[in-house]
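Since the structure comes first, as structure tokens, the remarks are kept for the end.
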Amino acid sequence: MHAPAPTASPKMSARHVNVFYGRKQAIDDVSIDVDMENVTAFIGPSGCGKSTFLRTLNRMNDTIATARVDGEIRLDGEDIYASDMDVVQLRARVGMVFQKPNPFPKSIYENVAYGPRIHGLAASKADLDRIVEQSLTRAGLWGEVKDRLNDSGTALSGGQQQRLCIARAIAVDPEVILMDEPCSALDPIATAKIEELIHELRGKYAIVIVTHNMQQAARVSQRTAFFHLGTLVEYGVTSEIFTNPRQERTKDYITGRYG
Ligand SMILES: Nc1ncnc2c1ncn2[C@@H]1O[C@H](COP(=O)(O)OP(=O)(O)OP(=O)(O)O)[C@@H](O)[C@H]1O
Ligand SMILES: [Mg+2]
């Protein structure tokens, strides 16, 4: 596989990462850097390991009993698999947004306020109010919910729920946001809103997005990683991956020959 595309300042760097579920290997020797300046898209056929690899970046695989990760993953140079790493803290620094919007069955306000409160990020109620407003604003949802903050998060539309989940991730002041097919349950209008949001968040956070939608990868990302059968086949500048892939397997996938 190619060397990771050079990045000036990698926010996260993975080296020789392998993931096993029991005896089955799902990720095979993956090395990659992600940075703040570029949104990174993970693409590849179903089952190739995109979600598995994404979950290594904030140790979500720790929650799967059979999963074992080896190799090295660093966040600002710090080994996230070190024994003294605080995993709760890590998951605040490296937030995650899932395929299916999963707001807590609590008010819109509480969905966003919960994280900052448990992480002790707000000094007062006014401070917490400010964090909630700012997070909802950044997630492009404030205008739609500011008069109904006490309504249940689950009463929102799917697209609004997904933006609420993004606000929840933002509220704890993350450095990296991982999104696993965040638009696959959304209609085109809600999808466009999330894509716009990703553009706005670029540079504030390092963003990694898994998507099955080639047009979406081309629209929202500046770096694309193509996975196949657990390996990283090609990683580079998105426009080059889509117009001039170096690997035959990448070309076959982006031209729809399999997947
Ligand atoms: N919890 C698990 N236990 C055992 N095997 C798993 C588990 N999760 C994933 N796998 C296996 O690991 C491989 C990679 O799966 P993964 O979900 O990472 O793929 P993916 O690229 O995200 O696929 P999709 O595009 O369908 O979401 C697959 O063979 C899958 O069956
Ligand atoms: Mg997946």
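Residues are referred to by chain and number: the chain letter is A, B, ... according to the order shown in the structure tokens, the number counts from 1 in that chain, and ligands are numbered separately from 1 in the order shown.
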So which residues are near ligand 1, meaning at most 6 Å away with only C-alpha atoms and all ligand atoms counted, given back as number ranges by chain?
-> A: 21, 26, 45-52, 64
Limited to N, CA and C atoms, could you put the picked residues into a file as a PDB file, in the first residue's frame?
ATOM      1  N   TYR A  21     -11.172 -10.197  15.438  1.00  0.00           N
ATOM      2  CA  TYR A  21     -12.351 -10.611  16.215  1.00  0.00           C
ATOM      3  C   TYR A  21     -12.145 -12.099  16.458  1.00  0.00           C
ATOM      4  N   ALA A  26      -9.759  -8.631  10.887  1.00  0.00           N
ATOM      5  CA  ALA A  26     -10.634  -7.709  10.156  1.00  0.00           C
ATOM      6  C   ALA A  26      -9.858  -6.527   9.584  1.00  0.00           C
ATOM      7  N   PRO A  45     -16.021  -1.450  -0.031  1.00  0.00           N
ATOM      8  CA  PRO A  45     -17.205  -2.314  -0.010  1.00  0.00           C
ATOM      9  C   PRO A  45     -17.594  -2.743   1.400  1.00  0.00           C
ATOM     10  N   SER A  46     -18.844  -3.115   1.554  1.00  0.00           N
ATOM     11  CA  SER A  46     -19.360  -3.579   2.831  1.00  0.00           C
ATOM     12  C   SER A  46     -18.492  -4.714   3.383  1.00  0.00           C
ATOM     13  N   GLY A  47     -18.182  -4.622   4.677  1.00  0.00           N
ATOM     14  CA  GLY A  47     -17.409  -5.684   5.319  1.00  0.00           C
ATOM     15  C   GLY A  47     -15.906  -5.534   5.186  1.00  0.00           C
ATOM     16  N   CYS A  48     -15.433  -4.436   4.557  1.00  0.00           N
ATOM     17  CA  CYS A  48     -13.985  -4.296   4.330  1.00  0.00           C
ATOM     18  C   CYS A  48     -13.252  -3.782   5.567  1.00  0.00           C
ATOM     19  N   GLY A  49     -14.001  -3.365   6.598  1.00  0.00           N
ATOM     20  CA  GLY A  49     -13.348  -2.984   7.845  1.00  0.00           C
ATOM     21  C   GLY A  49     -13.366  -1.494   8.180  1.00  0.00           C
ATOM     22  N   LYS A  50     -14.153  -0.722   7.447  1.00  0.00           N
ATOM     23  CA  LYS A  50     -14.180   0.730   7.689  1.00  0.00           C
ATOM     24  C   LYS A  50     -14.599   1.058   9.119  1.00  0.00           C
ATOM     25  N   SER A  51     -15.716   0.470   9.557  1.00  0.00           N
ATOM     26  CA  SER A  51     -16.201   0.773  10.909  1.00  0.00           C
ATOM     27  C   SER A  51     -15.236   0.234  11.958  1.00  0.00           C
ATOM     28  N   THR A  52     -14.709  -0.954  11.692  1.00  0.00           N
ATOM     29  CA  THR A  52     -13.755  -1.552  12.638  1.00  0.00           C
ATOM     30  C   THR A  52     -12.548  -0.639  12.819  1.00  0.00           C
ATOM     31  N   ILE A  64     -16.139  -4.404  22.576  1.00  0.00           N
ATOM     32  CA  ILE A  64     -16.464  -5.687  21.930  1.00  0.00           C
ATOM     33  C   ILE A  64     -15.537  -6.753  22.507  1.00  0.00           C
TER      34      ILE A  64
END
Identify all residues of stretch 50-239 of chain A in strand (DSSP E or B) (DSSP on the backbone) and supply them as a ChimeraX atom specification.
-> /A:67-75,78-79,94-97,107,152,176-180,202,205-210,223-228,231-237
Which is closer to ligand 2 than all the others in A:Gly140, A:Gly158, A:Pro10, A:Gly230, using only C-alpha atoms and all ligand atoms?
->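 That would be A:Gly230, the residue with the smallest distance to ligand 2.
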9 Å contact set for stretch 141-144 of chain A, only C-alpha atoms, chain neighbours under 4 positions out, as a VMD selection string = chain A and resid 133 to 137 148 160 163 to 164 167
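Residues in contact range of A:Met12, defined as at most 6 Å between only C-alpha atoms, with sequence neighbours fewer than 3 positions away removed, read A:Asp33, A:Val34, A:Arg74, A:Leu75.
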Atoms kept (N, CA and C atoms) for selection, written as a CSV table (one decimal), in the first residue's frame:
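Output contents, as saved in again04.csv:
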chain,number,residue,atom,x,y,z
A,33,ASP,N,-2.5,8.8,8.5
A,33,ASP,CA,-2.6,10.0,9.4
A,33,ASP,C,-3.8,10.8,9.0
A,34,VAL,N,-4.4,11.4,10.1
A,34,VAL,CA,-5.5,12.3,9.8
A,34,VAL,C,-5.2,13.7,10.4
A,74,ARG,N,-1.7,7.1,17.7
A,74,ARG,CA,-1.3,8.3,18.5
A,74,ARG,C,-2.3,9.5,18.3
A,75,LEU,N,-2.6,10.2,19.3
A,75,LEU,CA,-3.4,11.4,19.3
A,75,LEU,C,-2.5,12.5,19.8
Contacts of A:Asp79 at 12 Å (only C-alpha atoms; same-chain gap of 4+ positions) as an MDAnalysis selection string | chainID A and resid 12:15 57:59 70:75 83:87 90
Atomic separation - atom CA of A:Ser184 relative to atom CA of A:Gln99, Å | 6.3 Å
Could you check which of A:Thr231, A:Thr211, A:Thr224, A:Gln216 is closest to A:Ala192, using only C-alpha atoms?
->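 Once distances to A:Ala192 are computed over only C-alpha atoms, the minimum belongs to A:Gln216.
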Expressed in Å, the length from atom CA of A:Ile80 to atom CA of A:Val220 is 27.1 Å
Excluding stretch 38-44 of chain A and residues on its chain fewer than 3 positions from it, collect all residues at most 6 Å away from it, counting only C-alpha atoms, and give them as a list in words.
->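 Counting only C-alpha atoms, the residues come to Asp35, Ile207, Val208, Ile209, Val210, Thr211, Ala217, Ser221, Gln222, Arg223, Thr224, Ala225, Phe226, Phe227 and His228 of chain A.
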Write a file of the just-selected residues containing N, CA and C atoms, as a compact mmCIF listing (two decimals), in the first residue's frame.
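Saved the output as again.txt:
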# COMPACT_ATOMS: atom_id res chain seq x y z
N ASP A 35 -5.60 14.75 9.79
CA ASP A 35 -5.25 16.07 10.32
C ASP A 35 -6.47 16.97 10.39
N ILE A 207 -11.81 15.59 11.12
CA ILE A 207 -13.05 14.86 10.84
C ILE A 207 -12.76 13.66 9.95
N VAL A 208 -13.29 12.52 10.38
CA VAL A 208 -13.20 11.31 9.56
C VAL A 208 -14.63 10.84 9.32
N ILE A 209 -14.98 10.59 8.07
CA ILE A 209 -16.33 10.16 7.74
C ILE A 209 -16.29 8.89 6.90
N VAL A 210 -17.05 7.88 7.35
CA VAL A 210 -17.24 6.67 6.55
C VAL A 210 -18.47 6.89 5.68
N THR A 211 -18.36 6.60 4.40
CA THR A 211 -19.53 6.74 3.55
C THR A 211 -19.52 5.72 2.42
N ALA A 217 -18.40 11.42 -0.63
CA ALA A 217 -16.96 11.43 -0.32
C ALA A 217 -16.27 12.53 -1.13
N SER A 221 -14.88 15.56 1.40
CA SER A 221 -13.53 15.25 1.90
C SER A 221 -12.43 15.82 1.01
N GLN A 222 -11.28 15.97 1.61
CA GLN A 222 -10.08 16.36 0.87
C GLN A 222 -9.08 15.20 0.80
N ARG A 223 -9.28 14.20 1.67
CA ARG A 223 -8.45 12.99 1.64
C ARG A 223 -9.39 11.79 1.62
N THR A 224 -9.04 10.79 0.83
CA THR A 224 -9.86 9.59 0.79
C THR A 224 -8.99 8.36 0.99
N ALA A 225 -9.51 7.46 1.83
CA ALA A 225 -8.84 6.18 2.06
C ALA A 225 -9.75 5.07 1.55
N PHE A 226 -9.22 4.25 0.64
CA PHE A 226 -10.00 3.14 0.11
C PHE A 226 -9.57 1.84 0.78
N PHE A 227 -10.52 1.21 1.46
CA PHE A 227 -10.27 -0.06 2.14
C PHE A 227 -10.84 -1.20 1.31
N HIS A 228 -10.14 -2.34 1.35
CA HIS A 228 -10.66 -3.54 0.70
C HIS A 228 -10.14 -4.75 1.46
In terms of only C-alpha atoms and all ligand atoms, the residue from A:Asp147, A:Met179, A:Gly77, A:Gly153 at minimal distance from ligand 2 is A:Met179
Would you mind listing what lies within 9 Å of A:Phe20 as a list in words, with only C-alpha atoms counted and same-chain residues fewer than 2 positions away left out?
->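 Final neighbour list, sorted by chain and number: Asn18, Gly22, Arg23, Lys24, Gln25, Ala26, Ile27, Asp28, Thr66, Ala67, Arg68, Val69 and Asp70 of chain A.
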Backbone-only DSSP, alpha helix (DSSP H) members of stretch 139-230 of chain A, as a PDB file with C-alpha atoms, in the first residue's frame:
ATOM      1  CA  TRP A 142     -29.989  26.313  17.237  1.00  0.00           C
ATOM      2  CA  GLY A 143     -32.480  28.254  15.096  1.00  0.00           C
ATOM      3  CA  GLU A 144     -34.760  25.223  14.855  1.00  0.00           C
ATOM      4  CA  VAL A 145     -34.733  24.259  18.538  1.00  0.00           C
ATOM      5  CA  GLY A 158     -34.066  12.196  11.802  1.00  0.00           C
ATOM      6  CA  GLY A 159     -31.910  14.930  10.307  1.00  0.00           C
ATOM      7  CA  GLN A 160     -32.380  17.125  13.363  1.00  0.00           C
ATOM      8  CA  GLN A 161     -31.562  14.195  15.642  1.00  0.00           C
ATOM      9  CA  GLN A 162     -28.328  13.620  13.760  1.00  0.00           C
ATOM     10  CA  ARG A 163     -27.384  17.309  14.132  1.00  0.00           C
ATOM     11  CA  LEU A 164     -28.267  17.010  17.830  1.00  0.00           C
ATOM     12  CA  CYS A 165     -25.842  14.080  18.068  1.00  0.00           C
ATOM     13  CA  ILE A 166     -23.186  16.211  16.369  1.00  0.00           C
ATOM     14  CA  ALA A 167     -23.925  19.038  18.866  1.00  0.00           C
ATOM     15  CA  ARG A 168     -23.559  16.506  21.686  1.00  0.00           C
ATOM     16  CA  ALA A 169     -20.160  15.448  20.342  1.00  0.00           C
ATOM     17  CA  ILE A 170     -19.055  19.079  19.916  1.00  0.00           C
ATOM     18  CA  ALA A 171     -20.199  20.096  23.413  1.00  0.00           C
ATOM     19  CA  PRO A 188     -31.368  14.359   0.624  1.00  0.00           C
ATOM     20  CA  ILE A 189     -32.221  17.680   2.303  1.00  0.00           C
ATOM     21  CA  ALA A 190     -31.069  16.529   5.740  1.00  0.00           C
ATOM     22  CA  THR A 191     -28.004  14.993   4.083  1.00  0.00           C
ATOM     23  CA  ALA A 192     -27.147  18.302   2.402  1.00  0.00           C
ATOM     24  CA  LYS A 193     -27.381  20.039   5.801  1.00  0.00           C
ATOM     25  CA  ILE A 194     -24.948  17.568   7.382  1.00  0.00           C
ATOM     26  CA  GLU A 195     -22.546  17.931   4.455  1.00  0.00           C
ATOM     27  CA  GLU A 196     -22.675  21.722   4.784  1.00  0.00           C
ATOM     28  CA  LEU A 197     -22.001  21.341   8.472  1.00  0.00           C
ATOM     29  CA  ILE A 198     -18.956  19.155   7.796  1.00  0.00           C
ATOM     30  CA  HIS A 199     -17.582  21.957   5.598  1.00  0.00           C
ATOM     31  CA  GLU A 200     -18.094  24.446   8.405  1.00  0.00           C
ATOM     32  CA  LEU A 201     -16.498  22.218  11.039  1.00  0.00           C
ATOM     33  CA  MET A 214     -19.014   8.240  -3.666  1.00  0.00           C
ATOM     34  CA  GLN A 215     -20.472  11.648  -4.492  1.00  0.00           C
ATOM     35  CA  GLN A 216     -20.598  12.434  -0.809  1.00  0.00           C
ATOM     36  CA  ALA A 217     -16.961  11.429  -0.316  1.00  0.00           C
ATOM     37  CA  ALA A 218     -16.011  13.637  -3.270  1.00  0.00           C
ATOM     38  CA  ARG A 219     -18.072  16.560  -1.943  1.00  0.00           C
ATOM     39  CA  VAL A 220     -17.075  16.586   1.718  1.00  0.00           C
TER      40      VAL A 220
END
Can you work out which one of A:Ala65, A:Asp180, A:Ala155, A:Val172 has the shortest atom-to-atom distance to ligand 2, counting only C-alpha atoms and all ligand atoms?
->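 So, comparing all the options, the nearest one is A:Asp180.
Here atom CA of A:Glu181 is placed at a distance of 20.0 Å from atom CA of A:Val233.
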